[in-house]
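K.L.:
data-v4.cif is the file, holding mmCIF, C-alpha atoms (C1' of nucleotides):
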data_upload
#
loop_
_atom_site.group_PDB
_atom_site.id
_atom_site.type_symbol
_atom_site.label_atom_id
_atom_site.label_comp_id
_atom_site.auth_asym_id
_atom_site.auth_seq_id
_atom_site.Cartn_x
_atom_site.Cartn_y
_atom_site.Cartn_z
ATOM 1 C CA MET T 10 32.004 -24.699 12.032
ATOM 2 C CA LEU T 11 31.084 -24.721 15.695
ATOM 3 C CA ARG T 12 28.242 -22.995 17.407
ATOM 4 C CA ILE T 13 28.956 -20.709 20.306
ATOM 5 C CA GLY T 14 27.720 -23.118 22.963
ATOM 6 C CA GLU T 15 29.982 -25.824 21.617
ATOM 7 C CA VAL T 16 33.052 -23.590 21.732
ATOM 8 C CA ALA T 17 32.159 -22.450 25.223
ATOM 9 C CA ALA T 18 31.808 -26.016 26.455
ATOM 10 C CA ARG T 19 35.062 -27.184 24.873
ATOM 11 C CA ALA T 20 37.039 -24.205 26.130
ATOM 12 C CA GLY T 21 35.468 -24.269 29.553
ATOM 13 C CA VAL T 22 34.079 -20.754 29.549
ATOM 14 C CA SER T 23 30.613 -19.226 29.366
ATOM 15 C CA VAL T 24 28.803 -18.186 26.236
ATOM 16 C CA ARG T 25 28.706 -14.685 27.613
ATOM 17 C CA ALA T 26 32.478 -14.688 27.864
ATOM 18 C CA LEU T 27 32.850 -15.484 24.174
ATOM 19 C CA ARG T 28 30.557 -12.640 23.193
ATOM 20 C CA TYR T 29 32.562 -10.412 25.490
ATOM 21 C CA TYR T 30 35.795 -11.445 23.811
ATOM 22 C CA GLU T 31 34.318 -10.546 20.464
ATOM 23 C CA GLU T 32 33.273 -7.199 21.850
ATOM 24 C CA GLN T 33 36.886 -6.654 22.899
ATOM 25 C CA GLY T 34 38.158 -7.626 19.466
ATOM 26 C CA LEU T 35 39.833 -10.756 20.784
ATOM 27 C CA LEU T 36 37.751 -13.307 18.940
ATOM 28 C CA GLU T 37 36.105 -13.078 15.553
ATOM 29 C CA ALA T 38 33.295 -15.223 14.257
ATOM 30 C CA GLU T 39 31.531 -15.736 10.969
ATOM 31 C CA ARG T 40 27.819 -15.282 10.951
ATOM 32 C CA THR T 41 25.066 -17.378 9.465
ATOM 33 C CA PRO T 42 22.481 -15.460 7.392
ATOM 34 C CA SER T 43 20.313 -15.318 10.468
ATOM 35 C CA GLY T 44 23.102 -13.778 12.511
ATOM 36 C CA GLN T 45 24.297 -16.690 14.592
ATOM 37 C CA ARG T 46 28.022 -17.023 15.231
ATOM 38 C CA ARG T 47 30.011 -19.858 13.715
ATOM 39 C CA TYR T 48 33.571 -20.558 14.847
ATOM 40 C CA PRO T 49 36.376 -22.580 13.260
ATOM 41 C CA GLU T 50 37.947 -25.346 15.324
ATOM 42 C CA GLY T 51 40.941 -23.174 16.112
ATOM 43 C CA ALA T 52 38.745 -20.873 18.148
ATOM 44 C CA VAL T 53 38.831 -23.255 21.082
ATOM 45 C CA GLY T 54 42.604 -23.027 21.381
ATOM 46 C CA ARG T 55 42.429 -19.320 20.900
ATOM 47 C CA VAL T 56 39.989 -18.978 23.780
ATOM 48 C CA ARG T 57 42.200 -21.144 25.978
ATOM 49 C CA PHE T 58 45.088 -18.840 25.203
ATOM 50 C CA ILE T 59 43.042 -15.798 26.103
ATOM 51 C CA GLN T 60 42.095 -17.397 29.403
ATOM 52 C CA GLN T 61 45.721 -18.163 30.079
ATOM 53 C CA MET T 62 46.687 -14.557 29.499
ATOM 54 C CA TYR T 63 43.899 -13.330 31.753
ATOM 55 C CA ALA T 64 45.138 -15.709 34.401
ATOM 56 C CA ALA T 65 48.553 -14.177 33.949
ATOM 57 C CA GLY T 66 47.122 -10.824 34.894
ATOM 58 C CA LEU T 67 46.930 -9.252 31.441
ATOM 59 C CA GLY T 68 43.953 -7.104 30.584
ATOM 60 C CA SER T 69 41.966 -7.301 27.366
ATOM 61 C CA ALA T 70 44.050 -4.556 25.792
ATOM 62 C CA ASP T 71 47.287 -6.405 26.554
ATOM 63 C CA VAL T 72 45.947 -9.620 25.130
ATOM 64 C CA LEU T 73 44.837 -7.731 22.057
ATOM 65 C CA GLU T 74 48.372 -6.488 21.538
ATOM 66 C CA VAL T 75 49.808 -9.933 21.861
ATOM 67 C CA LEU T 76 47.302 -11.908 19.847
ATOM 68 C CA PRO T 77 48.430 -11.027 16.305
ATOM 69 C CA CYS T 78 51.720 -12.822 16.883
ATOM 70 C CA VAL T 79 49.915 -15.917 18.035
ATOM 71 C CA HIS T 80 47.694 -15.878 15.024
ATOM 72 C CA THR T 81 50.202 -15.104 12.307
ATOM 73 C CA GLY T 82 53.355 -16.439 13.948
ATOM 74 C CA VAL T 83 55.096 -13.294 12.779
ATOM 75 C CA ALA T 84 56.051 -10.390 14.965
ATOM 76 C CA THR T 85 57.295 -6.900 14.374
ATOM 77 C CA PRO T 86 60.049 -5.672 16.680
ATOM 78 C CA GLU T 87 57.422 -3.634 18.462
ATOM 79 C CA MET T 88 55.348 -6.689 19.115
ATOM 80 C CA LEU T 89 58.370 -8.580 20.301
ATOM 81 C CA ALA T 90 59.087 -5.807 22.737
ATOM 82 C CA ARG T 91 55.562 -5.985 24.065
ATOM 83 C CA LEU T 92 55.734 -9.740 24.362
ATOM 84 C CA VAL T 93 58.969 -9.534 26.285
ATOM 85 C CA GLU T 94 57.500 -6.860 28.493
ATOM 86 C CA GLN T 95 54.505 -9.001 29.338
ATOM 87 C CA ARG T 96 56.728 -11.979 30.011
ATOM 88 C CA ASP T 97 58.841 -9.914 32.366
ATOM 89 C CA GLY T 98 55.697 -8.727 34.077
ATOM 90 C CA ILE T 99 54.748 -12.323 34.681
ATOM 91 C CA ASP T 100 58.202 -12.962 36.046
ATOM 92 C CA ARG T 101 57.784 -10.131 38.513
ATOM 93 C CA GLN T 102 54.445 -11.548 39.536
ATOM 94 C CA VAL T 103 55.930 -14.976 40.101
ATOM 95 C CA ALA T 104 58.592 -13.402 42.251
ATOM 96 C CA GLU T 105 55.974 -11.643 44.350
ATOM 97 C CA LEU T 106 53.914 -14.776 44.681
ATOM 98 C CA THR T 107 56.952 -16.765 45.693
ATOM 99 C CA GLN T 108 57.719 -14.228 48.386
ATOM 100 C CA ALA T 109 54.165 -14.422 49.679
ATOM 101 C CA ARG T 110 54.385 -18.194 49.628
ATOM 102 C CA GLU T 111 57.582 -18.116 51.649
ATOM 103 C CA ARG T 112 55.916 -15.818 54.092
ATOM 104 C CA LEU T 113 52.969 -18.147 54.556
ATOM 105 C CA ASP T 114 55.254 -21.138 54.855
ATOM 106 C CA GLU T 115 57.148 -19.423 57.609
ATOM 107 C CA ILE T 116 53.938 -18.716 59.473
ATOM 108 C CA ILE T 117 52.838 -22.306 59.002
ATOM 109 C CA ARG T 118 56.095 -23.628 60.447
ATOM 110 C CA ILE T 119 55.806 -21.372 63.466
ATOM 111 C CA GLY T 120 52.181 -22.344 63.893
ATOM 112 C CA GLU T 121 53.040 -26.025 63.767
ATOM 113 C CA GLU T 122 55.595 -25.575 66.476
ATOM 114 C CA HIS T 123 53.041 -23.974 68.714
ATOM 115 C CA VAL T 124 50.416 -26.622 68.078
ATOM 116 C CA PRO T 125 52.455 -29.791 68.290
ATOM 117 C CA GLY T 126 49.580 -32.229 68.397
ATOM 118 C CA ALA T 127 48.472 -31.247 64.921
ATOM 119 C CA ARG T 128 48.923 -33.549 61.957
ATOM 120 C CA SER T 129 52.077 -32.368 60.258
ATOM 121 C CA VAL T 130 51.163 -31.026 56.868
ATOM 122 C CA THR T 131 54.786 -30.320 56.205
ATOM 123 C CA ALA T 132 55.801 -27.886 53.556
ATOM 124 C CA SER T 133 56.097 -29.541 50.210
ATOM 125 C CA PRO T 134 59.376 -28.438 48.676
ATOM 126 C CA ARG T 135 58.687 -25.839 46.041
ATOM 127 C CA ARG T 136 59.474 -27.066 42.615
ATOM 128 C CA MET R 7 52.708 6.435 67.625
ATOM 129 C CA LEU R 8 52.445 7.207 63.939
ATOM 130 C CA ARG R 9 49.826 9.213 62.140
ATOM 131 C CA ILE R 10 47.984 7.662 59.262
ATOM 132 C CA GLY R 11 49.853 9.603 56.605
ATOM 133 C CA GLU R 12 53.165 8.476 58.011
ATOM 134 C CA VAL R 13 52.151 4.830 57.969
ATOM 135 C CA ALA R 14 50.821 5.177 54.452
ATOM 136 C CA ALA R 15 54.051 6.726 53.237
ATOM 137 C CA ARG R 16 56.271 4.140 54.894
ATOM 138 C CA ALA R 17 54.195 1.218 53.678
ATOM 139 C CA GLY R 18 53.748 2.643 50.218
ATOM 140 C CA VAL R 19 49.977 2.679 50.168
ATOM 141 C CA SER R 20 47.321 5.371 50.254
ATOM 142 C CA VAL R 21 45.654 6.774 53.337
ATOM 143 C CA ARG R 22 42.373 5.584 51.923
ATOM 144 C CA ALA R 23 43.716 2.055 51.791
ATOM 145 C CA LEU R 24 44.540 2.102 55.499
ATOM 146 C CA ARG R 25 41.068 3.267 56.395
ATOM 147 C CA TYR R 26 39.708 0.550 54.142
ATOM 148 C CA TYR R 27 41.794 -2.074 55.925
ATOM 149 C CA GLU R 28 40.376 -0.919 59.204
ATOM 150 C CA GLU R 29 36.898 -1.154 57.785
ATOM 151 C CA GLN R 30 37.665 -4.750 56.833
ATOM 152 C CA GLY R 31 38.968 -5.535 60.296
ATOM 153 C CA LEU R 32 42.512 -6.022 59.042
ATOM 154 C CA LEU R 33 44.130 -3.146 60.856
ATOM 155 C CA GLU R 34 43.308 -1.566 64.179
ATOM 156 C CA ALA R 35 44.326 1.836 65.431
ATOM 157 C CA GLU R 36 44.158 3.732 68.656
ATOM 158 C CA ARG R 37 42.416 7.049 68.608
ATOM 159 C CA THR R 38 43.394 10.405 70.020
ATOM 160 C CA PRO R 39 40.688 12.197 72.034
ATOM 161 C CA SER R 40 39.807 14.101 68.885
ATOM 162 C CA GLY R 41 39.365 10.894 66.932
ATOM 163 C CA GLN R 42 42.532 10.738 64.866
ATOM 164 C CA ARG R 43 44.151 7.354 64.318
ATOM 165 C CA ARG R 44 47.503 6.546 65.884
ATOM 166 C CA TYR R 45 49.405 3.438 64.855
ATOM 167 C CA PRO R 46 52.270 1.569 66.507
ATOM 168 C CA GLU R 47 55.446 1.009 64.514
ATOM 169 C CA GLY R 48 54.467 -2.566 63.812
ATOM 170 C CA ALA R 49 51.564 -1.375 61.709
ATOM 171 C CA VAL R 50 53.870 -0.696 58.776
ATOM 172 C CA GLY R 51 54.982 -4.295 58.589
ATOM 173 C CA ARG R 52 51.436 -5.428 59.038
ATOM 174 C CA VAL R 53 50.313 -3.345 56.103
ATOM 175 C CA ARG R 54 53.129 -4.699 53.979
ATOM 176 C CA PHE R 55 51.972 -8.194 54.818
ATOM 177 C CA ILE R 56 48.415 -7.356 53.833
ATOM 178 C CA GLN R 57 49.641 -5.987 50.536
ATOM 179 C CA GLN R 58 51.639 -9.128 49.952
ATOM 180 C CA MET R 59 48.596 -11.276 50.533
ATOM 181 C CA TYR R 60 46.489 -9.154 48.197
ATOM 182 C CA ALA R 61 49.197 -9.524 45.598
ATOM 183 C CA ALA R 62 48.950 -13.248 46.111
ATOM 184 C CA GLY R 63 45.328 -13.106 45.103
ATOM 185 C CA LEU R 64 43.718 -13.400 48.530
ATOM 186 C CA GLY R 65 40.651 -11.350 49.318
ATOM 187 C CA SER R 66 40.107 -9.357 52.483
ATOM 188 C CA ALA R 67 38.226 -12.227 54.079
ATOM 189 C CA ASP R 68 41.102 -14.635 53.405
ATOM 190 C CA VAL R 69 43.625 -12.236 54.836
ATOM 191 C CA LEU R 70 41.407 -11.806 57.855
ATOM 192 C CA GLU R 71 41.449 -15.536 58.431
ATOM 193 C CA VAL R 72 45.194 -15.679 58.185
ATOM 194 C CA LEU R 73 46.131 -12.618 60.179
ATOM 195 C CA PRO R 74 45.598 -13.932 63.715
ATOM 196 C CA CYS R 75 48.452 -16.394 63.239
ATOM 197 C CA VAL R 76 50.746 -13.651 62.107
ATOM 198 C CA HIS R 77 49.858 -11.540 65.053
ATOM 199 C CA THR R 78 49.901 -14.127 67.804
ATOM 200 C CA GLY R 79 52.261 -16.671 66.289
ATOM 201 C CA VAL R 80 49.864 -19.342 67.435
ATOM 202 C CA ALA R 81 47.557 -21.312 65.224
ATOM 203 C CA THR R 82 44.693 -23.676 65.784
ATOM 204 C CA PRO R 83 44.562 -26.723 63.522
ATOM 205 C CA GLU R 84 41.795 -24.962 61.619
ATOM 206 C CA MET R 85 43.954 -21.953 60.981
ATOM 207 C CA LEU R 86 46.795 -24.159 59.882
ATOM 208 C CA ALA R 87 44.512 -25.844 57.418
ATOM 209 C CA ARG R 88 43.484 -22.493 56.012
ATOM 210 C CA LEU R 89 47.076 -21.363 55.789
ATOM 211 C CA VAL R 90 48.056 -24.498 53.945
ATOM 212 C CA GLU R 91 45.094 -24.074 51.649
ATOM 213 C CA GLN R 92 46.099 -20.542 50.797
ATOM 214 C CA ARG R 93 49.673 -21.594 50.230
ATOM 215 C CA ASP R 94 48.548 -24.320 47.866
ATOM 216 C CA GLY R 95 46.377 -21.819 46.065
ATOM 217 C CA ILE R 96 49.434 -19.691 45.512
ATOM 218 C CA ASP R 97 51.271 -22.725 44.229
ATOM 219 C CA ARG R 98 48.533 -23.355 41.719
ATOM 220 C CA GLN R 99 48.724 -19.749 40.636
ATOM 221 C CA VAL R 100 52.467 -19.950 40.178
ATOM 222 C CA ALA R 101 51.977 -23.022 38.061
ATOM 223 C CA GLU R 102 49.464 -21.231 35.861
ATOM 224 C CA LEU R 103 51.688 -18.210 35.546
ATOM 225 C CA THR R 104 54.639 -20.367 34.642
ATOM 226 C CA GLN R 105 52.597 -22.030 31.921
ATOM 227 C CA ALA R 106 51.563 -18.656 30.554
ATOM 228 C CA ARG R 107 55.149 -17.533 30.661
ATOM 229 C CA GLU R 108 56.276 -20.581 28.715
ATOM 230 C CA ARG R 109 53.602 -19.886 26.188
ATOM 231 C CA LEU R 110 54.761 -16.327 25.697
ATOM 232 C CA ASP R 111 58.355 -17.441 25.493
ATOM 233 C CA GLU R 112 57.484 -19.855 22.763
ATOM 234 C CA ILE R 113 55.751 -17.131 20.807
ATOM 235 C CA ILE R 114 58.728 -14.849 21.311
ATOM 236 C CA ARG R 115 61.109 -17.464 19.965
ATOM 237 C CA ILE R 116 58.981 -18.054 16.904
ATOM 238 C CA GLY R 117 58.646 -14.347 16.375
ATOM 239 C CA GLU R 118 62.399 -13.872 16.580
ATOM 240 C CA GLU R 119 62.914 -16.531 13.972
ATOM 241 C CA HIS R 120 60.582 -14.821 11.573
ATOM 242 C CA VAL R 121 62.100 -11.419 12.126
ATOM 243 C CA PRO R 122 65.765 -12.308 12.500
ATOM 244 C CA GLY R 123 67.609 -9.089 11.820
ATOM 245 C CA ALA R 124 64.744 -6.842 10.921
ATOM 246 C CA ARG R 125 65.133 -3.089 11.140
ATOM 247 C CA SER R 126 61.710 -2.070 9.818
ATOM 248 C CA VAL R 127 60.741 -0.107 12.864
ATOM 249 C CA THR R 128 59.084 2.776 11.069
ATOM 250 C CA ALA R 129 57.334 1.237 8.088
ATOM 251 C CA SER R 130 54.233 -0.410 9.441
ATOM 252 C CA PRO R 131 53.760 -3.484 7.289
ATOM 253 C CA ARG R 132 50.240 -3.628 5.981
ATOM 254 C CA ARG R 133 48.399 -6.599 7.355
ATOM 255 C "C1'" DC L 24 4.052 -28.753 12.613
ATOM 256 C "C1'" DT L 25 5.481 -27.970 16.877
ATOM 257 C "C1'" DA L 26 7.905 -27.732 21.107
ATOM 258 C "C1'" DA L 27 12.274 -27.373 23.246
ATOM 259 C "C1'" DG L 28 16.508 -25.821 23.311
ATOM 260 C "C1'" DA L 29 20.194 -22.631 21.444
ATOM 261 C "C1'" DC L 30 20.992 -18.305 19.976
ATOM 262 C "C1'" DC L 31 20.388 -13.169 19.274
ATOM 263 C "C1'" DT L 32 20.758 -8.125 21.095
ATOM 264 C "C1'" DC L 33 20.301 -4.672 24.502
ATOM 265 C "C1'" DA L 34 21.189 -3.191 28.936
ATOM 266 C "C1'" DC L 35 21.525 -3.122 33.871
ATOM 267 C "C1'" DG L 36 23.817 -5.704 38.014
ATOM 268 C "C1'" DT L 37 27.990 -7.555 40.538
ATOM 269 C "C1'" DT L 38 32.385 -7.655 43.080
ATOM 270 C "C1'" DG L 39 36.740 -5.833 45.285
ATOM 271 C "C1'" DA L 40 39.977 -2.549 46.488
ATOM 272 C "C1'" DC L 41 40.260 1.305 46.594
ATOM 273 C "C1'" DG L 42 39.770 6.811 44.206
ATOM 274 C "C1'" DT L 43 37.690 11.054 44.847
ATOM 275 C "C1'" DC L 44 34.954 14.850 46.281
ATOM 276 C "C1'" DA L 45 32.492 17.466 50.032
ATOM 277 C "C1'" DG L 46 32.286 19.683 54.228
ATOM 278 C "C1'" DA L 47 34.301 20.097 58.678
ATOM 279 C "C1'" DG L 48 37.510 19.534 62.590
ATOM 280 C "C1'" DT L 49 42.753 19.402 64.210
ATOM 281 C "C1'" DC L 50 47.509 20.242 64.837
ATOM 282 C "C1'" DA L 51 52.246 22.545 64.493
ATOM 283 C "C1'" DA L 52 54.480 26.556 63.120
ATOM 284 C "C1'" DC L 53 55.090 31.312 62.587
ATOM 285 C "C1'" DG W 13 45.851 33.728 65.934
ATOM 286 C "C1'" DT W 14 45.991 32.425 61.660
ATOM 287 C "C1'" DT W 15 47.599 29.838 57.943
ATOM 288 C "C1'" DG W 16 48.296 25.558 55.764
ATOM 289 C "C1'" DA W 17 48.975 20.740 56.017
ATOM 290 C "C1'" DC W 18 46.800 16.805 57.919
ATOM 291 C "C1'" DT W 19 42.845 14.249 59.408
ATOM 292 C "C1'" DC W 20 37.893 12.928 60.008
ATOM 293 C "C1'" DT W 21 33.333 10.768 58.271
ATOM 294 C "C1'" DG W 22 30.158 9.708 54.800
ATOM 295 C "C1'" DA W 23 29.069 8.535 50.282
ATOM 296 C "C1'" DC W 24 29.248 8.109 45.414
ATOM 297 C "C1'" DG W 25 32.556 6.760 41.364
ATOM 298 C "C1'" DT W 26 35.671 3.413 38.960
ATOM 299 C "C1'" DC W 27 37.242 -0.501 36.279
ATOM 300 C "C1'" DA W 28 37.261 -5.245 34.388
ATOM 301 C "C1'" DA W 29 35.296 -9.470 33.197
ATOM 302 C "C1'" DC W 30 31.770 -11.116 33.048
ATOM 303 C "C1'" DG W 31 26.440 -12.544 35.327
ATOM 304 C "C1'" DT W 32 21.729 -12.088 34.622
ATOM 305 C "C1'" DG W 33 17.353 -11.267 33.003
ATOM 306 C "C1'" DA W 34 14.028 -9.507 29.169
ATOM 307 C "C1'" DG W 35 12.042 -10.212 24.961
ATOM 308 C "C1'" DG W 36 12.423 -12.205 20.624
ATOM 309 C "C1'" DT W 37 14.399 -15.402 16.685
ATOM 310 C "C1'" DC W 38 16.521 -20.018 14.905
ATOM 311 C "C1'" DT W 39 17.128 -24.679 14.466
ATOM 312 C "C1'" DT W 40 16.111 -29.347 14.789
ATOM 313 C "C1'" DA W 41 14.250 -33.733 16.654
ATOM 314 C "C1'" DG W 42 10.067 -36.159 16.626
#
Would it be possible to restate this file's structure as structure tokens?

P.N.:
Amino acid sequence: MLRIGEVAARAGVSVRALRYYEEQGLLEAERTPSGQRRYPEGAVGRVRFIQQMYAAGLGSADVLEVLPCVHTGVATPEMLARLVEQRDGIDRQVAELTQARERLDEIIRIGEEHVPGARSVTASPRR
Amino acid sequence: MLRIGEVAARAGVSVRALRYYEEQGLLEAERTPSGQRRYPEGAVGRVRFIQQMYAAGLGSADVLEVLPCVHTGVATPEMLARLVEQRDGIDRQVAELTQARERLDEIIRIGEEHVPGARSVTASPRR
DNA sequence: CTAAGACCTCACGTTGACGTCAGAGTCAAC
DNA sequence: GTTGACTCTGACGTCAACGTGAGGTCTTAG
């Protein structure tokens, strides 16, 4: 059983963040008689997943909806629908980002033309 | 010359947003003698660009750095560097999003396996 | 035994991109 | 000339994911 600081360090987040996740119902912890939190090893991966979802633009409530599937590996049709919805949301985001990237690239190309002396930091082909 | 409401409608943002952009130095407007803002047609496209950059995760300050190039079409080496930096930031974001998407997809697949032809939409299974 | 870290619970502060309300002036139509 | 839609400037509110003390308890190495 890990202490909160240990989990935070391994997952690359702050202690405060972990307490916040608990507050949001995203992360549970056992307690020692004195009230200190103790986490199983799996908590680290769980926290990483939460971070990943945040990075994908989901809010705490969305993550909360999605988490049961991750934990149990089983999903109701409802949950599946939500998962698919979130995935599609990410897809839309990627599309937007890609558009923005194209836009910037275009500006960069034009800029390079107009400042010929500059070291050519040519556009890396998008994967 | 367009009025602020017209620009807002065409660009799909709120009037408040336009005034905020002005406050941030992202969007300039002429003024009628009575003080009302009047925008040229190009403002709509400019606003769309700003929105796109926000969607890409840039803050007002970042957009402000990038905008001169868009406007003038000319870039100093410094500006180019910033542009490239922002573009790479977007690339990193896309990578993260793609990872998150994969993760969700994986969970969806597993979930589908465990609920192959289920029709229990109504009965909430007790957890 | 003791001192230094870790940890605990409030609870207020932060940041960014606006929302929203108040009170007042402006413009086009009827 | 008056109504009603539009606009103006402040200025406070919002929401999310934490940051940051304050004041006190726990644990453990020496």

K.L.:
Onto chain T, please fit chain R by least squares using all C-alpha atoms in order, then return the transformed chain as a short mmCIF file (atom, residue, chain, number, x, y, z; two decimals) with C-alpha atoms, in the coordinates of the input.

P.N.:
data_model
loop_
_atom_site.label_atom_id
_atom_site.label_comp_id
_atom_site.auth_asym_id
_atom_site.auth_seq_id
_atom_site.Cartn_x
_atom_site.Cartn_y
_atom_site.Cartn_z
CA MET R 7 32.04 -24.40 11.20
CA LEU R 8 31.45 -24.76 14.91
CA ARG R 9 28.64 -23.38 16.99
CA ILE R 10 29.44 -21.26 19.98
CA GLY R 11 28.63 -23.97 22.50
CA GLU R 12 30.96 -26.37 20.78
CA VAL R 13 33.83 -23.91 20.83
CA ALA R 14 33.17 -23.12 24.46
CA ALA R 15 33.20 -26.78 25.41
CA ARG R 16 36.38 -27.56 23.50
CA ALA R 17 38.22 -24.53 24.83
CA GLY R 18 36.95 -24.99 28.35
CA VAL R 19 35.33 -21.60 28.74
CA SER R 20 31.77 -20.34 28.96
CA VAL R 21 29.61 -19.21 26.07
CA ARG R 22 29.39 -15.85 27.75
CA ALA R 23 33.16 -15.57 27.68
CA LEU R 24 33.24 -16.07 23.91
CA ARG R 25 30.67 -13.36 23.36
CA TYR R 26 32.69 -11.14 25.67
CA TYR R 27 35.84 -11.78 23.64
CA GLU R 28 34.00 -10.76 20.53
CA GLU R 29 32.83 -7.62 22.26
CA GLN R 30 36.47 -6.85 23.05
CA GLY R 31 37.52 -7.45 19.47
CA LEU R 32 39.53 -10.53 20.38
CA LEU R 33 37.50 -13.08 18.50
CA GLU R 34 35.53 -12.77 15.30
CA ALA R 35 32.80 -15.04 14.04
CA GLU R 36 30.83 -15.46 10.89
CA ARG R 37 27.09 -15.30 11.17
CA THR R 38 24.38 -17.51 9.75
CA PRO R 39 21.50 -15.68 8.03
CA SER R 40 19.60 -15.92 11.29
CA GLY R 41 22.43 -14.30 13.20
CA GLN R 42 24.03 -17.25 14.97
CA ARG R 43 27.80 -17.31 15.29
CA ARG R 44 29.85 -19.88 13.41
CA TYR R 45 33.53 -20.35 14.19
CA PRO R 46 36.33 -22.02 12.24
CA GLU R 47 38.29 -24.79 13.92
CA GLY R 48 41.16 -22.44 14.63
CA ALA R 49 38.98 -20.48 17.01
CA VAL R 50 39.51 -23.06 19.74
CA GLY R 51 43.25 -22.55 19.74
CA ARG R 52 42.75 -18.83 19.59
CA VAL R 53 40.57 -18.92 22.66
CA ARG R 54 43.11 -21.04 24.49
CA PHE R 55 45.73 -18.45 23.68
CA ILE R 56 43.53 -15.66 25.00
CA GLN R 57 43.01 -17.59 28.20
CA GLN R 58 46.73 -18.10 28.53
CA MET R 59 47.35 -14.40 28.18
CA TYR R 60 44.68 -13.57 30.75
CA ALA R 61 46.31 -16.04 33.08
CA ALA R 62 49.55 -14.20 32.51
CA GLY R 63 47.95 -11.07 33.84
CA LEU R 64 47.34 -9.24 30.57
CA GLY R 65 44.14 -7.29 30.11
CA SER R 66 41.92 -7.41 27.05
CA ALA R 67 43.63 -4.38 25.57
CA ASP R 68 47.06 -6.00 25.92
CA VAL R 69 45.87 -9.20 24.33
CA LEU R 70 44.37 -7.16 21.53
CA GLU R 71 47.73 -5.57 20.87
CA VAL R 72 49.45 -8.91 20.77
CA LEU R 73 46.96 -10.91 18.77
CA PRO R 74 47.71 -9.61 15.27
CA CYS R 75 51.17 -11.18 15.43
CA VAL R 76 49.72 -14.49 16.41
CA HIS R 77 47.26 -14.38 13.60
CA THR R 78 49.46 -13.12 10.80
CA GLY R 79 52.84 -14.27 12.04
CA VAL R 80 54.18 -10.89 11.05
CA ALA R 81 55.13 -8.13 13.42
CA THR R 82 56.02 -4.51 13.07
CA PRO R 83 58.86 -3.26 15.26
CA GLU R 84 56.21 -1.65 17.45
CA MET R 85 54.44 -4.92 17.95
CA LEU R 86 57.70 -6.62 18.74
CA ALA R 87 58.41 -4.03 21.36
CA ARG R 88 55.02 -4.62 22.93
CA LEU R 89 55.53 -8.36 22.85
CA VAL R 90 58.89 -8.05 24.53
CA GLU R 91 57.39 -5.72 27.09
CA GLN R 92 54.67 -8.19 27.93
CA ARG R 93 57.16 -11.01 28.15
CA ASP R 94 59.30 -9.01 30.54
CA GLY R 95 56.22 -8.24 32.59
CA ILE R 96 55.62 -11.94 32.91
CA ASP R 97 59.21 -12.41 33.95
CA ARG R 98 58.78 -9.85 36.68
CA GLN R 99 55.66 -11.63 37.83
CA VAL R 100 57.45 -14.96 37.94
CA ALA R 101 60.15 -13.36 40.02
CA GLU R 102 57.60 -12.02 42.48
CA LEU R 103 55.82 -15.33 42.66
CA THR R 104 59.07 -17.14 43.24
CA GLN R 105 59.87 -14.79 46.10
CA ALA R 106 56.47 -15.39 47.63
CA ARG R 107 56.96 -19.09 47.23
CA GLU R 108 60.30 -18.96 48.99
CA ARG R 109 58.70 -17.02 51.77
CA LEU R 110 56.00 -19.62 52.23
CA ASP R 111 58.53 -22.40 52.08
CA GLU R 112 60.51 -20.79 54.83
CA ILE R 113 57.43 -20.52 56.99
CA ILE R 114 56.59 -24.14 56.27
CA ARG R 115 60.04 -25.27 57.34
CA ILE R 116 59.86 -23.33 60.56
CA GLY R 117 56.39 -24.64 61.21
CA GLU R 118 57.53 -28.21 60.67
CA GLU R 119 60.31 -27.73 63.16
CA HIS R 120 57.92 -26.53 65.80
CA VAL R 121 55.45 -29.31 65.19
CA PRO R 122 57.78 -32.21 64.47
CA GLY R 123 55.68 -35.29 65.05
CA ALA R 124 52.49 -33.72 66.26
CA ARG R 125 49.25 -35.65 66.09
CA SER R 126 46.96 -33.09 67.74
CA VAL R 127 44.60 -32.83 64.84
CA THR R 128 41.40 -32.69 66.84
CA ALA R 129 42.23 -30.67 69.94
CA SER R 130 42.33 -27.08 68.83
CA PRO R 131 45.04 -25.50 70.95
CA ARG R 132 43.77 -22.36 72.56
CA ARG R 133 45.60 -19.34 71.29
#

K.L.:
How would you write, as a list in words, the residues chosen by the PyMOL selection byres ((chain R) within 7 of (chain T)) on this structure?

P.N.:
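Answer for the PyMOL selection byres ((chain R) within 7 of (chain T)): Gln58, Met59, Ala62, Val76, Gly79, Val80, Ala81, Thr82, Pro83, Leu86, Leu89, Arg93, Ile96, Val100, Leu103, Ala106, Arg107, Leu110, Ile113, Ile114, Ile116, Gly117, His120, Val121 and Val127 of chain R.
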
K.L.:
Which residues are close to stretch 30-37 of chain L, i.e. within 8 Å by all atoms listed in the file, leaving aside same-chain residues fewer than 2 positions away? Reply as number ranges by chain.

P.N.:
T: 44-45; W: 31-32, 37-38

K.L.:
State, in Å with one decimal place, the distance from atom CA of T:Val56 to atom CA of T:Arg19.

P.N.:
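Distance between the two atoms: 9.6 Å.
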
K.L.:
Evaluated on this file, the PyMOL selection byres ((chain T) within 8 of (chain W)) picks out some residues - which ones are they, written as an mmCIF file with C-alpha atoms, keeping the file's coordinate frame?

P.N.:
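Result written to part.cif:
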data_model
loop_
_atom_site.group_PDB
_atom_site.id
_atom_site.type_symbol
_atom_site.label_atom_id
_atom_site.label_comp_id
_atom_site.auth_asym_id
_atom_site.auth_seq_id
_atom_site.Cartn_x
_atom_site.Cartn_y
_atom_site.Cartn_z
ATOM 1 C CA ARG T 25 28.706 -14.685 27.613
ATOM 2 C CA ALA T 26 32.478 -14.688 27.864
ATOM 3 C CA TYR T 29 32.562 -10.412 25.490
ATOM 4 C CA SER T 43 20.313 -15.318 10.468
ATOM 5 C CA GLY T 68 43.953 -7.104 30.584
#
